[in-house]
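Chemist: Below is the structure I would like to discuss, written out as structure tokens.
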2 protein chains.
Amino acid sequence: MGRRSDHSRAELRELIVAEGHRQMADHGFARFSARQVARAIGYSVGTVYNIFPSLDHLLVAINTRTFALWSEFVRQRLEGADEDRIAVLVEAYFDFAREHTNLWMAIYDHRLPEGMPLPPEDDASRRELTLIVIRELAALLPGRSEHEIERLARSLIATVHGHCTYALNGSFELMGETDPVGLALGRAREAIAAAKAA
Amino acid sequence: MGRRSDHSRAELRELIVAEGHRQMADHGFARFSARQVARAIGYSVGTVYNIFPSLDHLLVAINTRTFALWSEFVRQRLEGADEDRIAVLVEAYFDFAREHTNLWMAIYDHRLPEGMPLPPEDDASRRELTLIVIRELAALLPGRSEHEIERLARSLIATVHGHCTYALNGSFELMGETDPVGLALGRAREAIAAAKAA
DNA sequence: CACAAAATTGGACAGTGTTCAATTCCGCGA
DNA sequence: TCGCGGAATTGAACACTGTCCAATTTTGTG
């Protein structure tokens, strides 16, 4: 078969990423396959490779989509909250990871090959989540330098990320810890309190 | 070729794990291949599968070896230290990950297939690192319940782990953060101080 | 010395990412 | 309206993967 033009280039890209995202959610990173994505949308492998130079590019697009979902998820949780927004933030982080474990893990499973930088567009989109945290911290720590706030934001994200990782891979459960969210939240509160005091 | 008996079953196992460990360190998780391990030691794939029921079992053995190296690494660093042993602990954690990035990442890259539990022997060996942290915390927080100490240990490890992850994948560097270890250490100190005060 | 059991091989199978010649079609210019 | 260049699409080919297993050879034991 030759040229079809059932879809524009943009439509095709969307088709592929959407289906890829679905398959990532269902089967996880280890079982992901470009061929199966192609089959599911009724195209052949070659078409996928016509739009994404390599599997890594497709994976980047899929993970960027997950980041967008994640930001939106956190944003919505934050919307109705008035006080203790930090708790909402931490819980939202965990809940997203729990509800979309395969998607969440794929973000960290995929490592770009040496020398391939993140496309700037993806890079910007992924910063959104950090910005949400930065805004919350700025409200809690008025008068602090932007740089100081950013540092703290990244550190808190790293802290929560670590706890979430161990929660999902069963390390906490294995030692009888039933409340990893509480643990992470405790660390976050301490860090913010220390920043306030300094 | 049939039976050779150049090596006993135990020797062969050691050969495979040692070579596998070397290749994991050199090429990383994504490029790891049982066939190449077999070739490097002068055997065929089938022999590897005669000793390890599946690739997952070999990967478990390799990662357990990394855990042992890691524990030993931390233990040695701790040996000469008198005060501020927490700083030594955190720095040792980071340094090991930096010096053996591929090995360290492989620990988290490899996920056991659903329904395959960690062999108890591996499980025990991997607990060693946690025990080191527990001992240090117990010295710092006398009179606390074992359970409380364990909880804090796991939380501190998760915190440092999160920071280390972001340090190695470039997230910190990307935002101009030059001292992720300092950040992690700060969080650890705050958590311990809070535990002392409570 | 014979024989069962263990070890070792390498080919087979189904799958992967990637490349690319061949084919078909679309849109544009004449 | 026709023709043609370029774009899209395919699927076969290649080199690789994990896994399985019949065939072969050797070992240790009875």
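Letters for chains follow the order of the structure tokens (A, B, ...), residue numbers begin at 1 for each chain, and ligand numbers begin at 1 in the order shown.
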For chain C against segment 29-53 of chain A, with a cut-off of 10 Å and counting only C-alpha atoms (C1' of nucleotides), what is the closest atom pair and its distance in Å to one decimal for every residue that makes the cut, ordered by chain and number, as CSV?

Modeler:
```
residue,atom,partner,partner_atom,distance
C:DG15,C1',A:Ser33,CA,9.8
C:DT16,C1',A:Ser33,CA,7.6
C:DG17,C1',A:Ala34,CA,8.2
C:DT18,C1',A:Tyr49,CA,8.6
C:DT19,C1',A:Gly46,CA,9.2
C:DC20,C1',A:Gly46,CA,9.8
```

Chemist: Return as CSV the residues of chain D lying at most 6 Å from chain B, together with the closest atom-to-atom pair for each and the distance in Å to one decimal, counting only C-alpha atoms (C1' of nucleotides), with rows in chain order and ascending residue number.

Modeler:
```
residue,atom,partner,partner_atom,distance
D:DT24,C1',B:Gly2,CA,5.5
D:DT25,C1',B:Gly2,CA,3.8
D:DT26,C1',B:Arg3,CA,4.7
```

Chemist: Can you pull out the residues contacting Trp70 of chain B? Cut-off 12 Å, using only C-alpha atoms (C1' of nucleotides), and skip same-chain residues under 6 positions away; I want them as a CSV table (one decimal) with N, CA and C atoms, in the first residue's frame.

Modeler:
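Contents of out.csv, freshly written:
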```csv
chain,number,residue,atom,x,y,z
B,63,ASN,N,22.1,-7.8,41.0
B,63,ASN,CA,21.7,-6.6,41.9
B,63,ASN,C,22.0,-6.9,43.4
B,64,THR,N,21.9,-8.1,43.8
B,64,THR,CA,22.2,-8.5,45.1
B,64,THR,C,23.7,-8.3,45.4
B,76,GLN,N,32.8,0.9,55.2
B,76,GLN,CA,34.2,1.4,55.2
B,76,GLN,C,34.3,2.9,55.5
B,77,ARG,N,33.4,3.6,54.8
B,77,ARG,CA,33.4,5.1,55.0
B,77,ARG,C,33.1,5.4,56.4
B,89,LEU,N,27.3,9.1,56.0
B,89,LEU,CA,26.3,8.2,55.5
B,89,LEU,C,25.7,8.7,54.2
B,92,ALA,N,28.3,8.9,51.4
B,92,ALA,CA,28.7,7.6,50.9
B,92,ALA,C,27.6,7.0,50.0
B,93,TYR,N,26.3,7.3,50.3
B,93,TYR,CA,25.2,6.9,49.5
B,93,TYR,C,25.4,7.5,48.1
B,94,PHE,N,25.6,8.8,48.1
B,94,PHE,CA,25.7,9.5,46.8
B,94,PHE,C,27.0,9.0,46.0
B,95,ASP,N,28.1,8.9,46.7
B,95,ASP,CA,29.3,8.6,46.1
B,95,ASP,C,29.2,7.2,45.4
B,96,PHE,N,28.6,6.3,46.1
B,96,PHE,CA,28.5,4.9,45.5
B,96,PHE,C,27.7,5.0,44.2
B,97,ALA,N,26.6,5.7,44.3
B,97,ALA,CA,25.7,5.9,43.1
B,97,ALA,C,26.5,6.6,41.9
B,98,ARG,N,27.3,7.5,42.3
B,98,ARG,CA,28.1,8.2,41.3
B,98,ARG,C,29.2,7.4,40.7
B,99,GLU,N,29.8,6.6,41.5
B,99,GLU,CA,31.0,5.8,41.0
B,99,GLU,C,30.5,4.6,40.3
B,100,HIS,N,29.3,4.1,40.6
B,100,HIS,CA,28.8,2.9,40.0
B,100,HIS,C,27.4,3.1,39.5
B,101,THR,N,27.3,4.2,38.7
B,101,THR,CA,26.0,4.6,38.2
B,101,THR,C,25.1,3.5,37.6
B,103,LEU,N,25.4,0.3,37.8
B,103,LEU,CA,25.0,-0.8,38.8
B,103,LEU,C,23.9,-0.3,39.7
B,104,TRP,N,24.1,1.0,40.1
B,104,TRP,CA,23.1,1.5,41.1
B,104,TRP,C,21.7,1.6,40.4
B,107,ILE,N,19.6,-1.5,39.9
B,107,ILE,CA,18.8,-2.0,41.1
B,107,ILE,C,17.3,-1.5,40.9
B,125,SER,N,20.1,-10.3,52.3
B,125,SER,CA,21.3,-9.6,52.0
B,125,SER,C,21.1,-8.1,51.7
B,126,ARG,N,20.0,-7.8,51.1
B,126,ARG,CA,19.7,-6.4,50.7
B,126,ARG,C,19.3,-5.6,51.9
B,127,ARG,N,18.9,-6.2,53.0
B,127,ARG,CA,18.5,-5.5,54.2
B,127,ARG,C,19.7,-4.8,54.9
B,128,GLU,N,20.9,-5.3,54.6
B,128,GLU,CA,22.1,-4.9,55.3
B,128,GLU,C,22.2,-3.4,55.4
B,129,LEU,N,22.0,-2.8,54.2
B,129,LEU,CA,22.2,-1.3,54.1
B,129,LEU,C,21.2,-0.6,55.1
B,130,THR,N,20.0,-1.1,55.1
B,130,THR,CA,19.0,-0.5,56.0
B,130,THR,C,19.5,-0.6,57.5
B,132,ILE,N,22.4,-0.7,58.6
B,132,ILE,CA,23.5,0.2,58.9
B,132,ILE,C,22.9,1.5,59.4
```

Chemist: So that each row is one residue of chain C with an atom at most 6 Å from chain B, can you give its shortest atom pair and the distance in Å to one decimal, using only C-alpha atoms (C1' of nucleotides), rows by chain and rising number, as CSV?

Modeler:
```
residue,atom,partner,partner_atom,distance
C:DA7,C1',B:Arg3,CA,4.4
C:DT8,C1',B:Gly2,CA,4.5
C:DT9,C1',B:Met1,CA,5.4
```

Chemist: Choose the residue, out of A:Val181, A:Cys164, A:Leu58, A:Ala158, that has the smallest atom-to-atom separation from chain B; count only C-alpha atoms.

Modeler: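 Distance minimum relative to chain B lands on A:Ala158.
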
Chemist: What are the residues of chain A lining chain B at 7 Å or less? Count only C-alpha atoms, and put the answer as a list in words.

Modeler: Asp109, Ser155, Ala158, Thr159, His161, Gly162, His163, Tyr166, Leu183, Arg187, Glu190 and Ala191 of chain A

Chemist: Store the residues picked out above in a file with N, CA and C atoms, as a CSV table (one decimal), in the first residue's frame.

Modeler:
```csv
chain,number,residue,atom,x,y,z
A,109,ASP,N,11.6,5.0,34.0
A,109,ASP,CA,12.1,3.9,33.4
A,109,ASP,C,12.9,4.3,32.1
A,155,SER,N,14.0,20.1,46.3
A,155,SER,CA,14.3,19.2,47.4
A,155,SER,C,13.1,18.5,47.9
A,158,ALA,N,12.0,15.9,45.4
A,158,ALA,CA,12.9,14.7,45.5
A,158,ALA,C,12.5,13.9,46.7
A,159,THR,N,12.3,14.5,47.8
A,159,THR,CA,11.9,13.8,49.1
A,159,THR,C,10.6,13.0,48.9
A,161,HIS,N,9.3,12.1,46.0
A,161,HIS,CA,9.6,11.1,45.0
A,161,HIS,C,10.2,9.9,45.6
A,162,GLY,N,11.2,10.0,46.5
A,162,GLY,CA,11.8,8.9,47.1
A,162,GLY,C,10.8,8.0,47.9
A,163,HIS,N,10.0,8.7,48.6
A,163,HIS,CA,9.0,8.0,49.4
A,163,HIS,C,8.0,7.2,48.5
A,166,TYR,N,9.5,4.1,47.0
A,166,TYR,CA,9.6,2.9,47.9
A,166,TYR,C,8.2,2.4,48.2
A,183,LEU,N,4.7,9.8,56.2
A,183,LEU,CA,6.1,9.9,56.4
A,183,LEU,C,6.6,11.0,55.5
A,187,ARG,N,8.3,14.8,56.5
A,187,ARG,CA,9.6,15.3,56.1
A,187,ARG,C,9.4,16.7,55.4
A,190,GLU,N,8.7,19.4,58.0
A,190,GLU,CA,9.9,19.8,58.8
A,190,GLU,C,10.8,20.7,57.9
A,191,ALA,N,10.9,20.4,56.6
A,191,ALA,CA,11.8,21.2,55.8
A,191,ALA,C,11.2,22.6,55.7
```

Chemist: Please, what distance in Å, to one decimal, runs between atom C1' of DC14 of chain D and atom CA of His27 of chain B?

Modeler: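 We find that atom C1' of DC14 of chain D and atom CA of His27 of chain B lie 22.5 Å from each other.
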
Chemist: Rank D:DA13, D:DC20, D:DA8, D:DC2 by their smallest atom-to-atom distance to DA21 of chain C, using only C-alpha atoms (C1' of nucleotides), and report the top residue only.

Modeler: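 Counting only C-alpha atoms (C1' of nucleotides), the residue closest to DA21 of chain C is D:DA13.
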
Chemist: Write out as a PyMOL selection string the set of residues from segment 66-133 of chain A that DSSP, computed on the backbone, places in helix (DSSP H, G or I).

Modeler: chain A and resi 66-79+85-99+101-109+120-133

Chemist: Tell me which protein, DNA and RNA residues are within 12 Å of DG5 of chain D, counting only C-alpha atoms (C1' of nucleotides), leaving out same-chain ones fewer than 3 positions away, and put them as a compact mmCIF listing (two decimals) with N, CA and C atoms (P, O5', C5', C4', C3', O3' and C1' of nucleotides), in the first residue's frame.

Modeler:
```
# COMPACT_ATOMS: atom_id res chain seq x y z
P DC C 26 -5.21 10.10 -3.01
O5' DC C 26 -4.55 11.51 -2.66
C5' DC C 26 -3.69 11.61 -1.55
C4' DC C 26 -2.89 12.90 -1.65
C3' DC C 26 -3.69 14.07 -2.21
O3' DC C 26 -3.62 15.15 -1.28
C1' DC C 26 -1.64 13.77 -3.44
P DG C 27 -4.50 16.48 -1.56
O5' DG C 27 -3.40 17.41 -2.26
C5' DG C 27 -2.15 17.60 -1.64
C4' DG C 27 -1.27 18.46 -2.51
C3' DG C 27 -1.93 19.72 -3.07
O3' DG C 27 -0.99 20.78 -3.00
C1' DG C 27 -1.13 18.39 -4.86
P DC C 28 -1.44 22.30 -3.37
O5' DC C 28 -0.35 22.66 -4.49
C5' DC C 28 0.91 22.00 -4.47
C4' DC C 28 1.61 22.20 -5.82
C3' DC C 28 1.20 23.47 -6.57
O3' DC C 28 2.36 24.06 -7.11
C1' DC C 28 0.79 21.59 -7.93
P DG C 29 2.22 25.61 -7.72
O5' DG C 29 3.06 25.51 -9.09
C5' DG C 29 3.90 24.39 -9.32
C4' DG C 29 4.05 24.16 -10.82
C3' DG C 29 3.78 25.39 -11.70
O3' DG C 29 4.69 25.39 -12.79
C1' DG C 29 2.23 23.69 -12.25
```

Chemist: May I ask for the distance between atom CA of Leu168 of chain B and atom CA of Gly28 of chain B, given in Å to one decimal place?

Modeler: 14.0 Å

Chemist: Please report the interatomic distance between atom CA of Leu140 of chain B and atom CA of Ala198 of chain A in Å with one decimal.

Modeler: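 Between these atoms lies a distance of 23.5 Å.
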